[in-house]
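The file final-v7.txt contains compact mmCIF, C-alpha atoms:
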```
# COMPACT_ATOMS: atom_id res chain seq x y z
CA MET M 167 -32.70 -15.21 18.28
CA GLN M 168 -33.07 -13.63 14.82
CA THR M 169 -33.10 -10.11 16.33
CA THR M 170 -29.95 -10.86 18.33
CA PHE M 171 -28.18 -12.08 15.20
CA LYS M 172 -29.19 -8.96 13.25
CA THR M 173 -28.02 -6.75 16.13
CA PHE M 174 -24.69 -8.59 16.13
CA ILE M 175 -24.32 -8.10 12.38
CA LEU M 176 -25.25 -4.40 12.68
CA LEU M 177 -22.38 -4.04 15.13
CA ILE M 178 -20.03 -5.59 12.56
CA VAL M 179 -21.20 -3.21 9.86
CA SER M 180 -20.82 -0.26 12.22
CA MET M 181 -17.26 -1.30 13.08
CA LEU M 182 -16.40 -1.63 9.41
CA LEU M 183 -17.87 1.72 8.49
CA LEU M 184 -16.43 3.58 11.46
CA SER M 185 -12.99 2.03 11.19
CA THR M 186 -10.26 4.48 10.22
CA ASN M 187 -8.71 1.85 7.98
CA PRO M 188 -10.94 0.54 5.19
CA VAL M 189 -11.40 -3.20 5.00
CA SER M 190 -10.80 -3.42 1.34
CA ALA M 191 -8.41 -1.03 -0.32
CA HIS M 192 -9.42 0.88 -3.39
CA CYS M 193 -7.33 3.95 -2.86
CA ASP M 194 -4.83 2.50 -5.32
CA SER M 195 -7.30 2.22 -8.20
CA TYR M 196 -7.97 4.81 -10.86
CA ASP M 197 -11.59 5.08 -9.72
CA GLY M 198 -10.68 5.25 -6.04
CA PRO M 199 -11.08 8.39 -3.95
CA VAL M 200 -7.36 9.31 -3.81
CA ILE M 201 -6.90 9.43 -7.57
CA ILE M 202 -10.31 11.06 -8.14
CA ASP M 203 -9.20 13.83 -5.76
CA ALA M 204 -5.82 14.00 -7.52
CA TYR M 205 -7.44 14.62 -10.90
CA LYS M 206 -9.71 17.25 -9.34
CA ALA M 207 -6.69 18.93 -7.71
CA LEU M 208 -4.76 18.96 -11.00
CA GLU M 209 -7.80 20.35 -12.82
CA THR M 210 -8.26 23.19 -10.31
CA ASN M 211 -4.62 23.69 -9.27
CA ASN M 212 -5.56 23.03 -5.63
CA VAL M 213 -3.08 20.76 -3.85
CA ASN M 214 -5.02 21.21 -0.60
CA LEU M 215 -7.58 18.70 -1.89
CA LEU M 216 -4.88 16.03 -1.55
CA LEU M 217 -3.31 16.79 1.81
CA LYS M 218 -5.99 14.87 3.71
CA TRP M 219 -4.64 11.67 2.08
CA VAL M 220 -1.11 12.06 3.46
CA SER M 221 0.49 12.77 6.80
CA GLU M 222 1.81 16.16 7.80
CA SER M 223 5.39 14.93 7.35
CA GLN M 224 4.57 13.97 3.73
CA GLU M 225 2.98 17.28 2.76
CA ALA M 226 6.15 18.95 1.46
CA GLU M 227 6.89 16.07 -0.92
CA ILE M 228 3.35 16.09 -2.31
CA LYS M 229 3.24 19.88 -2.63
CA ASP M 230 6.55 19.95 -4.51
CA LEU M 231 5.65 17.10 -6.84
CA PHE M 232 2.15 18.52 -7.40
CA ARG M 233 3.60 21.90 -8.40
CA LYS M 234 6.04 20.27 -10.84
CA THR M 235 3.30 18.08 -12.31
CA TYR M 236 0.84 20.94 -12.66
CA ASN M 237 3.46 23.14 -14.33
CA LEU M 238 3.99 20.48 -17.03
CA LYS M 239 0.28 20.07 -17.70
CA SER M 240 0.15 22.30 -20.76
CA GLY M 241 3.44 21.03 -22.20
CA ASP M 242 4.37 17.88 -24.10
CA LYS M 243 1.56 15.34 -23.64
CA GLU M 244 3.88 12.28 -23.50
CA ILE M 245 6.06 13.85 -20.84
CA TYR M 246 3.01 15.00 -18.87
CA THR M 247 1.49 11.50 -18.96
CA ILE M 248 4.68 10.04 -17.47
CA VAL M 249 4.98 12.76 -14.81
CA GLU M 250 1.29 12.55 -13.94
CA LYS M 251 1.52 8.78 -13.43
CA HIS M 252 4.60 9.25 -11.22
CA PHE M 253 2.69 11.86 -9.21
CA LEU M 254 -0.34 9.56 -8.78
CA GLU M 255 1.87 6.64 -7.77
CA THR M 256 3.72 8.78 -5.24
CA LEU M 257 0.51 10.15 -3.76
CA VAL M 258 -1.04 6.68 -3.39
CA ARG M 259 2.20 5.17 -2.06
CA LEU M 260 2.49 7.86 0.61
CA HIS M 261 -1.18 7.49 1.50
CA ARG M 262 -0.78 3.72 1.90
CA GLU M 263 2.29 4.31 4.09
CA THR M 264 0.14 6.33 6.49
CA GLU M 265 -2.04 3.24 6.88
CA GLY M 266 0.82 0.80 7.20
CA ALA M 267 -0.21 -0.86 3.94
CA PRO M 268 2.09 -1.78 1.06
CA PHE M 269 1.90 -0.07 -2.31
CA THR M 270 1.73 -2.59 -5.14
CA GLY M 271 1.07 -0.25 -8.03
CA LEU M 272 -1.95 1.55 -9.42
CA LYS M 273 -4.90 -0.65 -10.33
CA PRO M 274 -7.27 -0.21 -13.27
CA ALA M 275 -10.70 1.26 -12.64
CA GLY M 276 -13.61 -1.11 -12.14
CA GLN M 277 -11.95 -3.57 -9.78
CA VAL M 278 -13.40 -2.27 -6.53
CA ALA M 279 -15.14 -4.89 -4.40
CA PRO M 280 -18.93 -4.54 -4.28
CA ILE M 281 -18.88 -3.92 -0.51
CA VAL M 282 -16.51 -0.97 -1.01
CA GLN M 283 -18.79 0.39 -3.73
CA MET M 284 -21.73 0.09 -1.35
CA ALA M 285 -19.74 1.82 1.42
CA ASP M 286 -18.83 4.69 -0.92
CA ASN M 287 -22.43 4.94 -2.11
CA SER M 288 -23.69 5.09 1.49
CA ILE M 289 -21.38 8.05 2.11
CA GLU M 290 -22.46 9.80 -1.11
CA THR M 291 -26.17 9.30 -0.40
CA GLN M 292 -25.71 9.93 3.33
CA SER M 293 -27.69 6.76 4.04
CA VAL M 294 -26.56 3.36 5.27
CA GLN M 295 -29.94 1.57 4.96
CA GLU M 296 -29.30 -0.08 1.57
CA LEU M 297 -25.80 -1.18 2.61
CA ASN M 298 -27.17 -2.66 5.84
CA ARG M 299 -29.92 -4.52 4.02
CA ARG M 300 -27.64 -6.05 1.40
CA PHE M 301 -24.60 -6.64 3.61
CA LEU M 302 -26.55 -8.10 6.52
CA GLY M 303 -28.38 -10.39 4.15
CA HIS M 304 -25.09 -11.56 2.65
CA ILE M 305 -23.48 -12.21 6.04
CA GLU M 306 -26.56 -14.05 7.26
CA ARG M 307 -26.56 -16.27 4.14
CA VAL M 308 -22.84 -17.09 4.50
CA VAL M 309 -23.09 -17.92 8.21
CA ASN M 310 -26.19 -20.05 7.60
CA GLU M 311 -24.56 -21.92 4.70
CA LYS M 312 -21.42 -22.68 6.70
CA PHE M 313 -23.51 -23.77 9.69
CA GLN M 314 -25.70 -26.03 7.53
CA THR M 315 -22.61 -27.67 6.00
CA VAL M 316 -20.92 -28.37 9.35
CA ASN M 317 -24.23 -29.46 10.89
CA GLN M 318 -24.88 -31.99 8.09
CA LEU M 319 -21.33 -33.34 8.21
CA SER M 320 -21.48 -33.65 11.99
CA ALA M 321 -23.81 -36.64 11.75
CA GLN M 322 -21.22 -38.56 9.67
CA LYS M 323 -17.96 -37.35 11.19
CA ASP M 324 -17.18 -40.64 12.97
CA ASN M 325 -18.11 -42.98 10.10
CA SER M 326 -14.72 -42.77 8.34
CA VAL M 327 -11.50 -40.81 8.29
CA GLU M 328 -12.55 -39.09 5.04
CA GLN M 329 -15.92 -38.04 6.48
CA GLY M 330 -14.20 -36.92 9.66
CA ARG M 331 -11.77 -34.76 7.71
CA ALA M 332 -14.60 -33.24 5.67
CA TYR M 333 -16.34 -32.38 8.94
CA VAL M 334 -13.18 -30.87 10.45
CA GLU M 335 -12.59 -28.75 7.33
CA ALA M 336 -16.17 -27.41 7.47
CA TYR M 337 -15.97 -26.92 11.24
CA VAL M 338 -12.72 -24.94 10.98
CA ASP M 339 -14.14 -22.82 8.15
CA TYR M 340 -17.30 -22.06 10.17
CA VAL M 341 -15.51 -21.29 13.43
CA HIS M 342 -12.81 -19.19 11.74
CA LEU M 343 -15.50 -17.05 10.12
CA LEU M 344 -17.09 -16.38 13.51
CA VAL M 345 -13.73 -15.83 15.22
CA GLY M 346 -12.78 -13.35 12.48
CA ILE M 347 -16.01 -11.42 12.94
CA HIS M 348 -15.55 -11.43 16.70
CA GLY M 349 -11.94 -10.29 16.35
CA MET M 350 -13.00 -7.32 14.23
CA LEU M 351 -15.58 -6.36 16.82
CA GLU M 352 -13.05 -6.62 19.64
CA HIS M 353 -10.00 -5.12 17.92
CA GLY M 354 -11.19 -3.18 14.87
CA ALA M 355 -10.73 -3.99 11.22
CA GLY M 356 -6.95 -3.49 11.09
CA GLY M 357 -5.35 -2.43 7.83
CA HIS M 358 -6.47 -2.43 4.22
CA ASP M 359 -5.55 -6.01 3.62
CA HIS M 360 -7.52 -7.58 6.50
```
Could you spell out this file's structure in structure tokens?
Amino acid sequence: MQTTFKTFILLIVSMLLLSTNPVSAHCDSYDGPVIIDAYKALETNNVNLLLKWVSESQEAEIKDLFRKTYNLKSGDKEIYTIVEKHFLETLVRLHRETEGAPFTGLKPAGQVAPIVQMADNSIETQSVQELNRRFLGHIERVVNEKFQTVNQLSAQKDNSVEQGRAYVEAYVDYVHLLVGIHGMLEHGAGGHDH
């Protein structure tokens, strides 16, 4: 039974990692991969580093804005700061459009969810073992906790309306978690905000 559960969870992790749309967005943060590439492109005057983040139909807009931003780099620092921020916002907004996700502004660095940090680290180290160990352990703990809660409340669910409602709330929480996991396995992770 334990092996089957771990196999099931490994499938979830695989779906999340292989999905073309990340589960948790961080492309709009200053320490996310889009802006890191943008700074690298502006440092090296290489707009091609950014084109992977936008669609082919958006390339001309990014190339034009990149050129204008880069050309102002050695000028007035206040003006460059404003133009650079506009460029970063435009790049991230266009990238999010390609994913069907809304742009809600640039986010400060350091707000990336731990699972996204682990996913990025697995790519950098070219190893998924640590992510699997930590993520699978977390999922197993959450499923077990929700099961234990609903299982304990099940014995009292018919004693009173209040106890029945507590059971139903725990039951719905437990089942929705499992349905959500199953839905991701069947249909993929969806967009950034799923």
(request) Show which residues sit within 7 Å of stretch 253-266 of chain M, as a ChimeraX atom specification. Count all atoms listed in the file, and ignore same-chain residues fewer than 3 positions away. (result) /M:187,193-194,200-201,219-221,228,231-232,235,249-250,269,271-272,357
Taking C-alpha atoms for each residue, export the selection above as a PDB file, keeping the file's coordinate frame.
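Saved to part05.pdb:
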```
ATOM      1  CA  ASN M 187      -8.710   1.850   7.980  1.00  0.00           C
ATOM      2  CA  CYS M 193      -7.330   3.950  -2.860  1.00  0.00           C
ATOM      3  CA  ASP M 194      -4.830   2.500  -5.320  1.00  0.00           C
ATOM      4  CA  VAL M 200      -7.360   9.310  -3.810  1.00  0.00           C
ATOM      5  CA  ILE M 201      -6.900   9.430  -7.570  1.00  0.00           C
ATOM      6  CA  TRP M 219      -4.640  11.670   2.080  1.00  0.00           C
ATOM      7  CA  VAL M 220      -1.110  12.060   3.460  1.00  0.00           C
ATOM      8  CA  SER M 221       0.490  12.770   6.800  1.00  0.00           C
ATOM      9  CA  ILE M 228       3.350  16.090  -2.310  1.00  0.00           C
ATOM     10  CA  LEU M 231       5.650  17.100  -6.840  1.00  0.00           C
ATOM     11  CA  PHE M 232       2.150  18.520  -7.400  1.00  0.00           C
ATOM     12  CA  THR M 235       3.300  18.080 -12.310  1.00  0.00           C
ATOM     13  CA  VAL M 249       4.980  12.760 -14.810  1.00  0.00           C
ATOM     14  CA  GLU M 250       1.290  12.550 -13.940  1.00  0.00           C
ATOM     15  CA  PHE M 269       1.900  -0.070  -2.310  1.00  0.00           C
ATOM     16  CA  GLY M 271       1.070  -0.250  -8.030  1.00  0.00           C
ATOM     17  CA  LEU M 272      -1.950   1.550  -9.420  1.00  0.00           C
ATOM     18  CA  GLY M 357      -5.350  -2.430   7.830  1.00  0.00           C
TER      19      GLY M 357
END
```
(message) Give me, as a list in words, all polymer residues having an atom no more than 10 Å from stretch 211-214 of chain M, counting all atoms listed in the file and skipping those fewer than 5 positions away in the same chain.
(response) Asp203, Ala204, Tyr205, Lys206, Trp219, Glu225, Ile228, Lys229, Asp230, Leu231, Phe232, Arg233, Tyr236 and Asn237 of chain M
First collect every listed atom of stretch 275-287 of chain M; then fit an axis-aligned box around them, widen it by 5 Å on each side, and give centre and edge lengths in Å to one decimal, as JSON.
```
{"center_x": -16.6, "center_y": 0.0, "center_z": -5.6, "size_x": 21.7, "size_y": 19.8, "size_z": 24.1}
```
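Coordinates place atom CA of M:Val278 at a distance of 7.8 Å from atom CA of M:Ser195.
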(request) Could you jot down the atom CA of M:Pro280 to atom CA of M:Glu335 separation for me, Å, one decimal place? (result)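 We find that atom CA of M:Pro280 and atom CA of M:Glu335 lie 27.6 Å from each other.
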(message) What's the separation between atom CA of M:Phe313 and atom CA of M:Val338, in Å to one decimal place?
(response) 10.9 Å
Neighbouring residues of M:Thr315 were defined as those with any atom within 7 Å, considering only C-alpha atoms; residues of the same chain fewer than 4 positions away were excluded. Please report them as an mmCIF file with C-alpha atoms, in the frame of the given file.
```
data_model
loop_
_atom_site.group_PDB
_atom_site.id
_atom_site.type_symbol
_atom_site.label_atom_id
_atom_site.label_comp_id
_atom_site.auth_asym_id
_atom_site.auth_seq_id
_atom_site.Cartn_x
_atom_site.Cartn_y
_atom_site.Cartn_z
ATOM 1 C CA GLU M 311 -24.560 -21.920 4.700
ATOM 2 C CA LEU M 319 -21.330 -33.340 8.210
ATOM 3 C CA ALA M 336 -16.170 -27.410 7.470
#
```
(request) Considering all atoms listed in the file, return as a PyMOL selection string whatever protein or nucleic-acid residues lie within 6 Å of M:Lys323, sequence-local ones (same chain, fewer than 6 positions apart) excluded. (result) chain M and resi 329-330+333
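Of the listed residues M:Gln277, M:Gln322, M:Val334, M:Ile347, the one whose atoms come nearest to M:Ile305 is M:Ile347, with distances taken using only C-alpha atoms.
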Return stretch 265-276 of chain M, completed with N, CA and C atoms, as an mmCIF file, keeping the file's coordinate frame.
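See selection_7.cif below for the written result:
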```cif
data_model
loop_
_atom_site.group_PDB
_atom_site.id
_atom_site.type_symbol
_atom_site.label_atom_id
_atom_site.label_comp_id
_atom_site.auth_asym_id
_atom_site.auth_seq_id
_atom_site.Cartn_x
_atom_site.Cartn_y
_atom_site.Cartn_z
ATOM 1 N N GLU M 265 -1.174 4.298 6.355
ATOM 2 C CA GLU M 265 -2.040 3.240 6.880
ATOM 3 C C GLU M 265 -1.276 1.971 7.219
ATOM 4 N N GLY M 266 0.028 1.993 6.967
ATOM 5 C CA GLY M 266 0.820 0.800 7.200
ATOM 6 C C GLY M 266 0.582 -0.283 6.173
ATOM 7 N N ALA M 267 0.096 0.099 5.007
ATOM 8 C CA ALA M 267 -0.210 -0.860 3.940
ATOM 9 C C ALA M 267 0.812 -0.736 2.821
ATOM 10 N N PRO M 268 1.127 -1.840 2.159
ATOM 11 C CA PRO M 268 2.090 -1.780 1.060
ATOM 12 C C PRO M 268 1.487 -1.150 -0.189
ATOM 13 N N PHE M 269 2.325 -0.577 -1.014
ATOM 14 C CA PHE M 269 1.900 -0.070 -2.310
ATOM 15 C C PHE M 269 2.354 -1.063 -3.360
ATOM 16 N N THR M 270 1.411 -1.575 -4.131
ATOM 17 C CA THR M 270 1.730 -2.590 -5.140
ATOM 18 C C THR M 270 1.415 -2.121 -6.542
ATOM 19 N N GLY M 271 1.342 -0.815 -6.713
ATOM 20 C CA GLY M 271 1.070 -0.250 -8.030
ATOM 21 C C GLY M 271 -0.373 0.215 -8.150
ATOM 22 N N LEU M 272 -0.598 1.060 -9.170
ATOM 23 C CA LEU M 272 -1.950 1.550 -9.420
ATOM 24 C C LEU M 272 -2.747 0.461 -10.128
ATOM 25 N N LYS M 273 -4.018 0.361 -9.772
ATOM 26 C CA LYS M 273 -4.900 -0.650 -10.330
ATOM 27 C C LYS M 273 -5.889 -0.016 -11.300
ATOM 28 N N PRO M 274 -6.278 -0.747 -12.322
ATOM 29 C CA PRO M 274 -7.270 -0.210 -13.270
ATOM 30 C C PRO M 274 -8.602 0.079 -12.578
ATOM 31 N N ALA M 275 -9.367 0.965 -13.162
ATOM 32 C CA ALA M 275 -10.700 1.260 -12.640
ATOM 33 C C ALA M 275 -11.595 0.032 -12.820
ATOM 34 N N GLY M 276 -12.627 -0.051 -11.994
ATOM 35 C CA GLY M 276 -13.610 -1.110 -12.140
ATOM 36 C C GLY M 276 -13.296 -2.383 -11.385
#
```
